[in-house]
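Structure data (compact mmCIF, C-alpha atoms) from start_6.txt:
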```txt
# COMPACT_ATOMS: atom_id res chain seq x y z
CA LEU Q 1256 46.45 -81.60 76.84
CA ALA Q 1257 50.18 -80.85 76.72
CA ARG Q 1258 51.30 -77.25 76.48
CA ALA Q 1259 53.31 -76.10 73.42
CA GLY Q 1260 56.77 -77.66 73.55
CA GLN Q 1261 55.90 -80.21 76.32
CA VAL Q 1262 57.19 -83.73 75.57
CA ILE Q 1263 54.78 -86.61 76.07
CA THR Q 1264 56.70 -89.62 77.49
CA ILE Q 1265 55.87 -93.29 77.70
CA THR Q 1266 55.70 -92.93 81.48
CA SER Q 1267 53.05 -90.24 81.32
CA ILE Q 1268 51.01 -92.36 78.93
CA LEU Q 1269 51.28 -95.44 81.15
CA SER Q 1270 49.95 -93.38 84.07
CA PHE Q 1271 46.55 -93.60 82.35
CA SER Q 1272 46.73 -97.42 82.25
CA MET Q 1273 43.88 -97.76 84.70
CA LEU Q 1274 41.50 -96.30 82.10
CA PRO Q 1275 39.31 -98.62 80.03
CA LEU Q 1276 41.20 -99.81 76.95
CA ARG Q 1277 39.03 -97.92 74.46
CA ALA Q 1278 39.32 -94.67 76.44
CA PHE Q 1279 43.06 -95.20 76.81
CA HIS Q 1280 43.51 -95.61 73.02
CA GLY Q 1281 41.44 -92.49 72.42
CA LEU Q 1282 43.53 -90.48 74.87
CA VAL Q 1283 46.77 -91.66 73.25
CA SER Q 1284 45.45 -90.53 69.86
CA ILE Q 1285 44.53 -87.11 71.24
CA LEU Q 1286 47.94 -86.70 72.88
CA ALA Q 1287 49.72 -87.72 69.68
CA LEU Q 1288 47.69 -85.19 67.71
CA ALA Q 1289 48.48 -82.46 70.25
CA ASN Q 1290 52.17 -83.21 70.01
CA ALA Q 1291 52.04 -83.08 66.22
CA VAL Q 1292 50.35 -79.69 66.34
CA ASN Q 1293 52.95 -78.40 68.81
CA VAL Q 1294 55.79 -79.58 66.56
CA ALA Q 1295 54.20 -77.94 63.53
CA LEU Q 1296 53.75 -74.66 65.39
CA SER Q 1297 57.34 -74.78 66.61
CA GLU Q 1298 58.70 -75.41 63.13
CA SER Q 1299 56.54 -72.63 61.73
CA SER Q 1300 57.86 -70.21 64.33
CA SER Q 1301 61.51 -71.17 63.70
CA SER Q 1302 61.08 -70.71 59.96
CA ALA Q 1303 60.04 -67.05 60.30
CA THR Q 1304 62.57 -64.70 58.71
CA ALA Q 1305 63.80 -61.26 59.70
CA SER Q 1306 64.12 -60.25 56.05
CA LEU Q 1307 60.72 -58.87 55.01
CA LEU Q 1308 59.13 -60.43 51.94
CA LEU Q 1309 58.00 -57.61 49.68
CA THR Q 1310 55.43 -57.72 46.90
CA ALA Q 1311 53.84 -55.23 44.55
CA GLN Q 1312 50.96 -55.08 47.03
CA ASN Q 1313 52.91 -54.14 50.19
CA TYR Q 1314 56.02 -52.45 48.75
CA GLU Q 1315 54.89 -48.84 48.99
CA GLU Q 1316 53.50 -49.18 52.50
CA LEU Q 1317 56.48 -51.04 54.02
CA THR Q 1318 59.22 -48.99 52.36
CA LYS Q 1319 57.74 -45.53 52.95
CA GLY Q 1320 60.42 -43.23 54.40
CA LYS Q 1321 62.99 -46.05 54.49
CA THR Q 1322 66.42 -46.61 53.06
CA VAL Q 1323 66.04 -50.11 51.64
CA PHE Q 1324 68.42 -52.97 50.94
CA LEU Q 1325 66.72 -55.62 48.85
CA LYS Q 1326 67.56 -59.11 47.70
CA CYS Q 1327 65.77 -60.08 44.48
CA PHE Q 1328 65.82 -63.86 44.24
CA ALA Q 1329 64.31 -67.04 42.87
CA PRO Q 1330 63.69 -70.07 45.14
CA TRP Q 1331 65.41 -72.44 42.68
CA CYS Q 1332 68.53 -70.25 42.29
CA ASP Q 1333 71.64 -71.88 43.86
CA HIS Q 1334 73.48 -68.55 44.27
CA CYS Q 1335 70.39 -67.14 45.98
CA LYS Q 1336 70.36 -70.09 48.40
CA GLN Q 1337 74.05 -69.54 49.19
CA LEU Q 1338 73.37 -65.87 49.95
CA ALA Q 1339 70.34 -66.57 52.17
CA PRO Q 1340 72.12 -67.18 55.54
CA ALA Q 1341 74.20 -63.97 55.30
CA TRP Q 1342 71.17 -61.96 54.20
CA GLU Q 1343 69.08 -63.27 57.09
CA SER Q 1344 71.85 -62.41 59.58
CA LEU Q 1345 72.02 -58.92 58.11
CA ALA Q 1346 68.25 -58.50 58.42
CA LYS Q 1347 68.25 -59.55 62.08
CA GLU Q 1348 70.62 -56.68 62.90
CA TYR Q 1349 68.18 -54.16 61.43
CA THR Q 1350 64.90 -55.59 62.69
CA ASP Q 1351 62.58 -52.71 63.72
CA HIS Q 1352 65.15 -50.12 62.63
CA PRO Q 1353 63.49 -46.70 62.38
CA PHE Q 1354 64.58 -45.95 58.81
CA VAL Q 1355 66.43 -48.97 57.38
CA LEU Q 1356 64.59 -51.93 55.85
CA ILE Q 1357 66.23 -55.20 54.83
CA GLY Q 1358 63.89 -57.12 52.55
CA GLU Q 1359 63.63 -59.62 49.75
CA ILE Q 1360 61.51 -60.13 46.66
CA ASP Q 1361 60.63 -63.46 45.08
CA CYS Q 1362 60.86 -62.55 41.40
CA THR Q 1363 59.13 -65.81 40.42
CA ASP Q 1364 55.92 -65.07 42.37
CA GLU Q 1365 53.38 -64.74 39.55
CA THR Q 1366 50.38 -64.07 41.75
CA PRO Q 1367 48.51 -60.79 41.14
CA LEU Q 1368 50.48 -57.97 42.78
CA GLY Q 1369 53.19 -60.50 43.64
CA GLY Q 1370 56.97 -60.37 43.56
CA GLU Q 1371 57.40 -60.86 39.81
CA ALA Q 1372 55.42 -57.70 39.03
CA LEU Q 1373 57.46 -55.78 41.59
CA CYS Q 1374 60.82 -56.97 40.22
CA GLU Q 1375 59.80 -55.89 36.73
CA SER Q 1376 58.76 -52.43 37.90
CA ILE Q 1377 61.61 -51.37 40.19
CA TYR Q 1378 64.76 -52.31 38.27
CA LYS Q 1379 65.98 -53.87 35.03
CA MET Q 1380 67.77 -56.98 36.21
CA ASN Q 1381 70.21 -59.11 34.26
CA GLY Q 1382 70.22 -62.06 36.63
CA LEU Q 1383 69.50 -63.34 40.14
CA PRO Q 1384 70.27 -62.72 42.85
CA THR Q 1385 70.32 -58.95 42.37
CA LEU Q 1386 70.93 -56.73 45.40
CA LEU Q 1387 69.46 -53.22 45.34
CA TYR Q 1388 69.72 -50.33 47.76
CA GLY Q 1389 68.74 -46.74 48.40
CA ASP Q 1390 65.55 -44.78 47.84
CA PRO Q 1391 62.68 -47.25 47.22
CA ASN Q 1392 61.70 -45.21 44.16
CA LEU Q 1393 65.22 -44.77 42.78
CA LEU Q 1394 67.11 -47.97 43.48
CA GLN Q 1395 70.75 -48.65 42.64
CA GLU Q 1396 72.49 -52.00 42.24
CA TYR Q 1397 75.01 -53.25 44.79
CA GLY Q 1398 78.14 -54.57 43.16
CA GLY Q 1399 80.25 -55.63 46.13
CA GLU Q 1400 81.00 -58.99 47.71
CA ASN Q 1401 78.18 -61.03 49.20
CA ALA Q 1402 79.99 -61.99 52.42
CA LEU Q 1403 78.20 -60.88 55.58
CA THR Q 1404 81.06 -58.57 56.59
CA ASN Q 1405 80.93 -56.75 53.26
CA LEU Q 1406 77.14 -56.44 53.38
CA LYS Q 1407 77.25 -55.02 56.93
CA GLU Q 1408 79.86 -52.44 55.96
CA TRP Q 1409 77.86 -51.38 52.91
CA VAL Q 1410 74.58 -50.98 54.79
CA SER Q 1411 76.31 -49.06 57.58
CA ALA Q 1412 78.00 -46.70 55.13
CA HIS Q 1413 74.81 -46.01 53.17
CA SER Q 1414 72.35 -45.56 56.03
CA LYS Q 1415 73.93 -42.87 58.18
CA GLU Q 1416 70.82 -40.72 58.23
CA GLU Q 1417 67.12 -40.92 57.49
CA LEU Q 1418 66.14 -40.60 53.84
CA CYS Q 1419 64.62 -37.28 52.73
CA THR Q 1420 61.72 -37.99 50.37
CA ALA Q 1421 58.38 -36.48 49.44
CA THR Q 1422 56.69 -38.93 51.82
CA ASN Q 1423 59.18 -38.35 54.64
CA LEU Q 1424 59.55 -34.57 54.91
CA ASP Q 1425 60.58 -34.73 58.57
CA ALA Q 1426 64.00 -35.98 57.44
CA CYS Q 1427 64.49 -33.05 55.00
CA ASN Q 1428 66.22 -29.75 55.61
CA ASP Q 1429 64.33 -26.50 54.95
CA GLN Q 1430 65.74 -26.09 51.43
CA ALA Q 1431 64.74 -29.62 50.42
CA LYS Q 1432 61.28 -29.16 51.94
CA ASP Q 1433 60.71 -25.97 49.94
CA GLN Q 1434 61.78 -27.69 46.72
CA ILE Q 1435 59.54 -30.70 47.32
CA ARG Q 1436 56.57 -28.48 48.14
CA ARG Q 1437 57.05 -26.50 44.93
CA TYR Q 1438 56.97 -29.71 42.92
CA GLN Q 1439 53.93 -30.93 44.87
CA ALA Q 1440 52.17 -27.66 44.02
CA LEU Q 1441 52.93 -28.25 40.34
CA ALA Q 1442 51.47 -31.73 40.57
CA ALA Q 1443 48.34 -30.43 42.31
CA SER Q 1444 47.79 -27.75 39.65
CA ASN Q 1445 47.20 -30.43 36.98
CA SER Q 1446 49.44 -28.47 34.61
CA ASP Q 1447 52.02 -29.97 32.27
CA ASP Q 1448 54.87 -28.21 34.09
CA LEU Q 1449 55.84 -31.18 36.27
CA ASP Q 1450 55.65 -33.59 33.32
CA GLU Q 1451 57.91 -31.28 31.32
CA LEU Q 1452 60.32 -31.08 34.23
CA ILE Q 1453 60.43 -34.87 34.52
CA GLN Q 1454 60.96 -35.19 30.77
CA GLY Q 1455 63.80 -32.67 30.97
CA VAL Q 1456 65.56 -34.66 33.68
CA GLU Q 1457 65.11 -37.91 31.74
CA ASP Q 1458 66.55 -36.21 28.66
CA LYS Q 1459 69.60 -35.15 30.67
CA ILE Q 1460 70.16 -38.75 31.74
CA SER Q 1461 69.87 -39.91 28.11
CA ASN Q 1462 72.34 -37.22 27.02
CA VAL Q 1463 74.89 -38.29 29.64
CA GLU Q 1464 74.56 -41.91 28.56
CA SER Q 1465 74.87 -40.95 24.87
CA GLU Q 1466 77.97 -38.85 25.54
CA PHE Q 1467 79.50 -41.71 27.50
CA LYS Q 1468 78.86 -44.16 24.66
CA LEU Q 1469 80.31 -41.72 22.10
CA GLU Q 1470 83.48 -41.18 24.13
CA LEU Q 1471 83.75 -44.91 24.73
CA ASP Q 1472 83.53 -45.56 20.97
CA GLU Q 1473 86.24 -42.96 20.36
CA MET Q 1474 88.42 -44.59 23.00
CA PHE Q 1475 87.93 -47.95 21.32
CA VAL Q 1476 89.11 -46.51 17.99
CA VAL Q 1477 92.23 -45.19 19.72
CA TYR Q 1478 92.70 -48.55 21.44
CA GLU Q 1479 92.57 -50.43 18.13
CA LYS Q 1480 95.10 -48.02 16.61
CA LEU Q 1481 97.44 -48.44 19.58
CA GLN Q 1482 97.01 -52.21 19.41
CA VAL Q 1483 98.11 -52.29 15.76
CA GLU Q 1484 101.08 -50.01 16.46
CA LYS Q 1485 102.10 -52.15 19.43
CA GLU Q 1486 102.02 -55.36 17.37
CA MET Q 1487 104.13 -53.77 14.61
CA ASP Q 1488 106.73 -52.52 17.12
CA VAL Q 1489 106.90 -55.92 18.83
CA ALA Q 1490 107.35 -57.63 15.45
CA LYS Q 1491 110.33 -55.36 14.65
CA ILE Q 1492 111.92 -55.97 18.04
CA LYS Q 1493 111.45 -59.75 17.73
CA SER Q 1494 113.14 -59.67 14.31
CA TYR Q 1495 116.16 -57.95 15.83
CA LEU Q 1496 116.11 -60.43 18.75
CA ARG Q 1497 116.12 -63.40 16.34
CA LEU Q 1498 119.17 -61.94 14.59
CA LEU Q 1499 121.06 -61.57 17.87
CA ASN Q 1500 120.19 -65.13 18.98
CA GLU Q 1501 121.27 -66.49 15.57
CA ILE Q 1502 124.67 -64.76 15.86
CA LYS Q 1503 125.08 -66.08 19.41
CA ARG Q 1504 124.37 -69.68 18.35
CA SER Q 1505 126.82 -69.52 15.42
CA ALA Q 1506 129.67 -68.04 17.46
```
Show this structure as structure tokens.
Amino acid sequence: LARAGQVITITSILSFSMLPLRAFHGLVSILALANAVNVALSESSSSATASLLLTAQNYEELTKGKTVFLKCFAPWCDHCKQLAPAWESLAKEYTDHPFVLIGEIDCTDETPLGGEALCESIYKMNGLPTLLYGDPNLLQEYGGENALTNLKEWVSAHSKEELCTATNLDACNDQAKDQIRRYQALAASNSDDLDELIQGVEDKISNVESEFKLELDEMFVVYEKLQVEKEMDVAKIKSYLRLLNEIKRSA
């Protein structure tokens, strides 16, 4: 049989013309089948992507100790399709990188432990595609341009050094290691101390967001007041302008 990628020509087939007709037809069928298999294997190989497909099942294992850059997408999404070539080029540059992972999540994959479950658990998304980056357990949203140049610059700027996490202590300095170990000891003690600490941090985040909203509301009140004052001043100036234009026309 032909090796993978070998082309079967008419000449090579005709070289078997001395075979009995039935055997010749059988051989042609076998060769055609072999070629079809080779083509299928070749197409399958060329369709492999550098961007890792992540699911709820493999996310923790593949992202452990990594700084991640993720594309959350849907196969039917036109904007996602437009982004795909640049994202794949980006992923090829970071293939087998020791601490950077370029991946993607199909947020429509409804299989158990599939992409949809992962998308729902890692970030509250308003639309697709959504690009996320950073610590796999504390992702942030990328808000820049989707051109390959912009993506490369962003990844380069945000992956200067290996991420220090509880599962990647080798990348931590001594102070960070001591802090993580203290928290791990709290978790191992089965006390409520770690839960209270987590709740305290979450409360701080809520307070910051509440203060921001309050100040934003106050700014809006000031804005509305300034808007009214501006419209009144403009109306007075326009009245004076009309008078001047009227005098000019009658002169």
Self-check item: Length of the atom CA of Asp1425 of chain Q to atom CA of Pro1353 of chain Q vector [Å]
Solution: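 Atom-to-atom, atom CA of Asp1425 of chain Q and atom CA of Pro1353 of chain Q are spaced 12.9 Å apart.
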Tell me, counting all atoms listed in the file, for each residue of segment 1286-1391 of chain Q within 12 Å of segment 1404-1408 of chain Q, which pair of atoms is nearest and how far apart they are in Å to one decimal, in rows ordered by chain and increasing number, as a tab-separated table.
```
residue	atom	partner	partner_atom	distance
Q:Phe1324	CA	Q:Leu1406	CA	9.7
Q:Leu1325	CA	Q:Leu1406	CA	11.4
Q:Lys1326	CA	Q:Leu1406	CA	11.5
Q:Leu1338	CA	Q:Leu1406	CA	10.7
Q:Ala1341	CA	Q:Leu1406	CA	8.3
Q:Trp1342	CA	Q:Leu1406	CA	8.2
Q:Glu1343	CA	Q:Leu1406	CA	11.2
Q:Ser1344	CA	Q:Lys1407	CA	9.5
Q:Leu1345	CA	Q:Lys1407	CA	6.6
Q:Ala1346	CA	Q:Lys1407	CA	9.8
Q:Lys1347	CA	Q:Lys1407	CA	11.3
Q:Glu1348	CA	Q:Lys1407	CA	9.1
Q:Tyr1349	CA	Q:Lys1407	CA	10.2
Q:Ile1357	CA	Q:Leu1406	CA	11.1
Q:Leu1386	CA	Q:Leu1406	CA	10.1
Q:Leu1387	CA	Q:Leu1406	CA	11.6
Q:Tyr1388	CA	Q:Leu1406	CA	11.1
```
Quiz item: Lys1415 of chain Q: which residues within 12 Å, counting only C-alpha atoms, same-chain residues fewer than 6 positions away excluded, as JSON, numbers by chain?
Solution: {"Q": [1321, 1322, 1353, 1354, 1355, 1389, 1408, 1409]}
Self-check item: Shell of 12 Å around segment 1427-1444 of chain Q, only C-alpha atoms, local chain residues under 5 positions omitted, as number ranges by chain
Solution: Q: 1320, 1416-1422, 1449-1453
If you keep C-alpha atoms, can you produce a file of those selected residues as an mmCIF file, keeping the file's coordinate frame?
```cif
data_model
loop_
_atom_site.group_PDB
_atom_site.id
_atom_site.type_symbol
_atom_site.label_atom_id
_atom_site.label_comp_id
_atom_site.auth_asym_id
_atom_site.auth_seq_id
_atom_site.Cartn_x
_atom_site.Cartn_y
_atom_site.Cartn_z
ATOM 1 C CA GLY Q 1320 60.420 -43.230 54.400
ATOM 2 C CA GLU Q 1416 70.820 -40.720 58.230
ATOM 3 C CA GLU Q 1417 67.120 -40.920 57.490
ATOM 4 C CA LEU Q 1418 66.140 -40.600 53.840
ATOM 5 C CA CYS Q 1419 64.620 -37.280 52.730
ATOM 6 C CA THR Q 1420 61.720 -37.990 50.370
ATOM 7 C CA ALA Q 1421 58.380 -36.480 49.440
ATOM 8 C CA THR Q 1422 56.690 -38.930 51.820
ATOM 9 C CA LEU Q 1449 55.840 -31.180 36.270
ATOM 10 C CA ASP Q 1450 55.650 -33.590 33.320
ATOM 11 C CA GLU Q 1451 57.910 -31.280 31.320
ATOM 12 C CA LEU Q 1452 60.320 -31.080 34.230
ATOM 13 C CA ILE Q 1453 60.430 -34.870 34.520
#
```
Quiz prompt | Point-to-point distance in Å for atom CA of Cys1327 of chain Q and atom CA of Thr1366 of chain Q | solution =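 These two atoms are separated by 16.1 Å.
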Practice problem: Please provide as a list in words all residues within 9 Å of Gly1369 of chain Q, with the sequence filter that same-chain residues fewer than 2 positions apart are discarded (counting all atoms listed in the file). | Solution: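 Listed by chain and then number, they are Leu1309, Thr1310, Ala1311, Gln1312, Ile1360, Asp1361, Cys1362, Thr1363, Asp1364, Glu1365, Thr1366, Pro1367, Glu1371, Ala1372 and Leu1373 of chain Q.
Put simply, atom CA of Leu1308 of chain Q is 8.7 Å away from atom CA of Gly1370 of chain Q.
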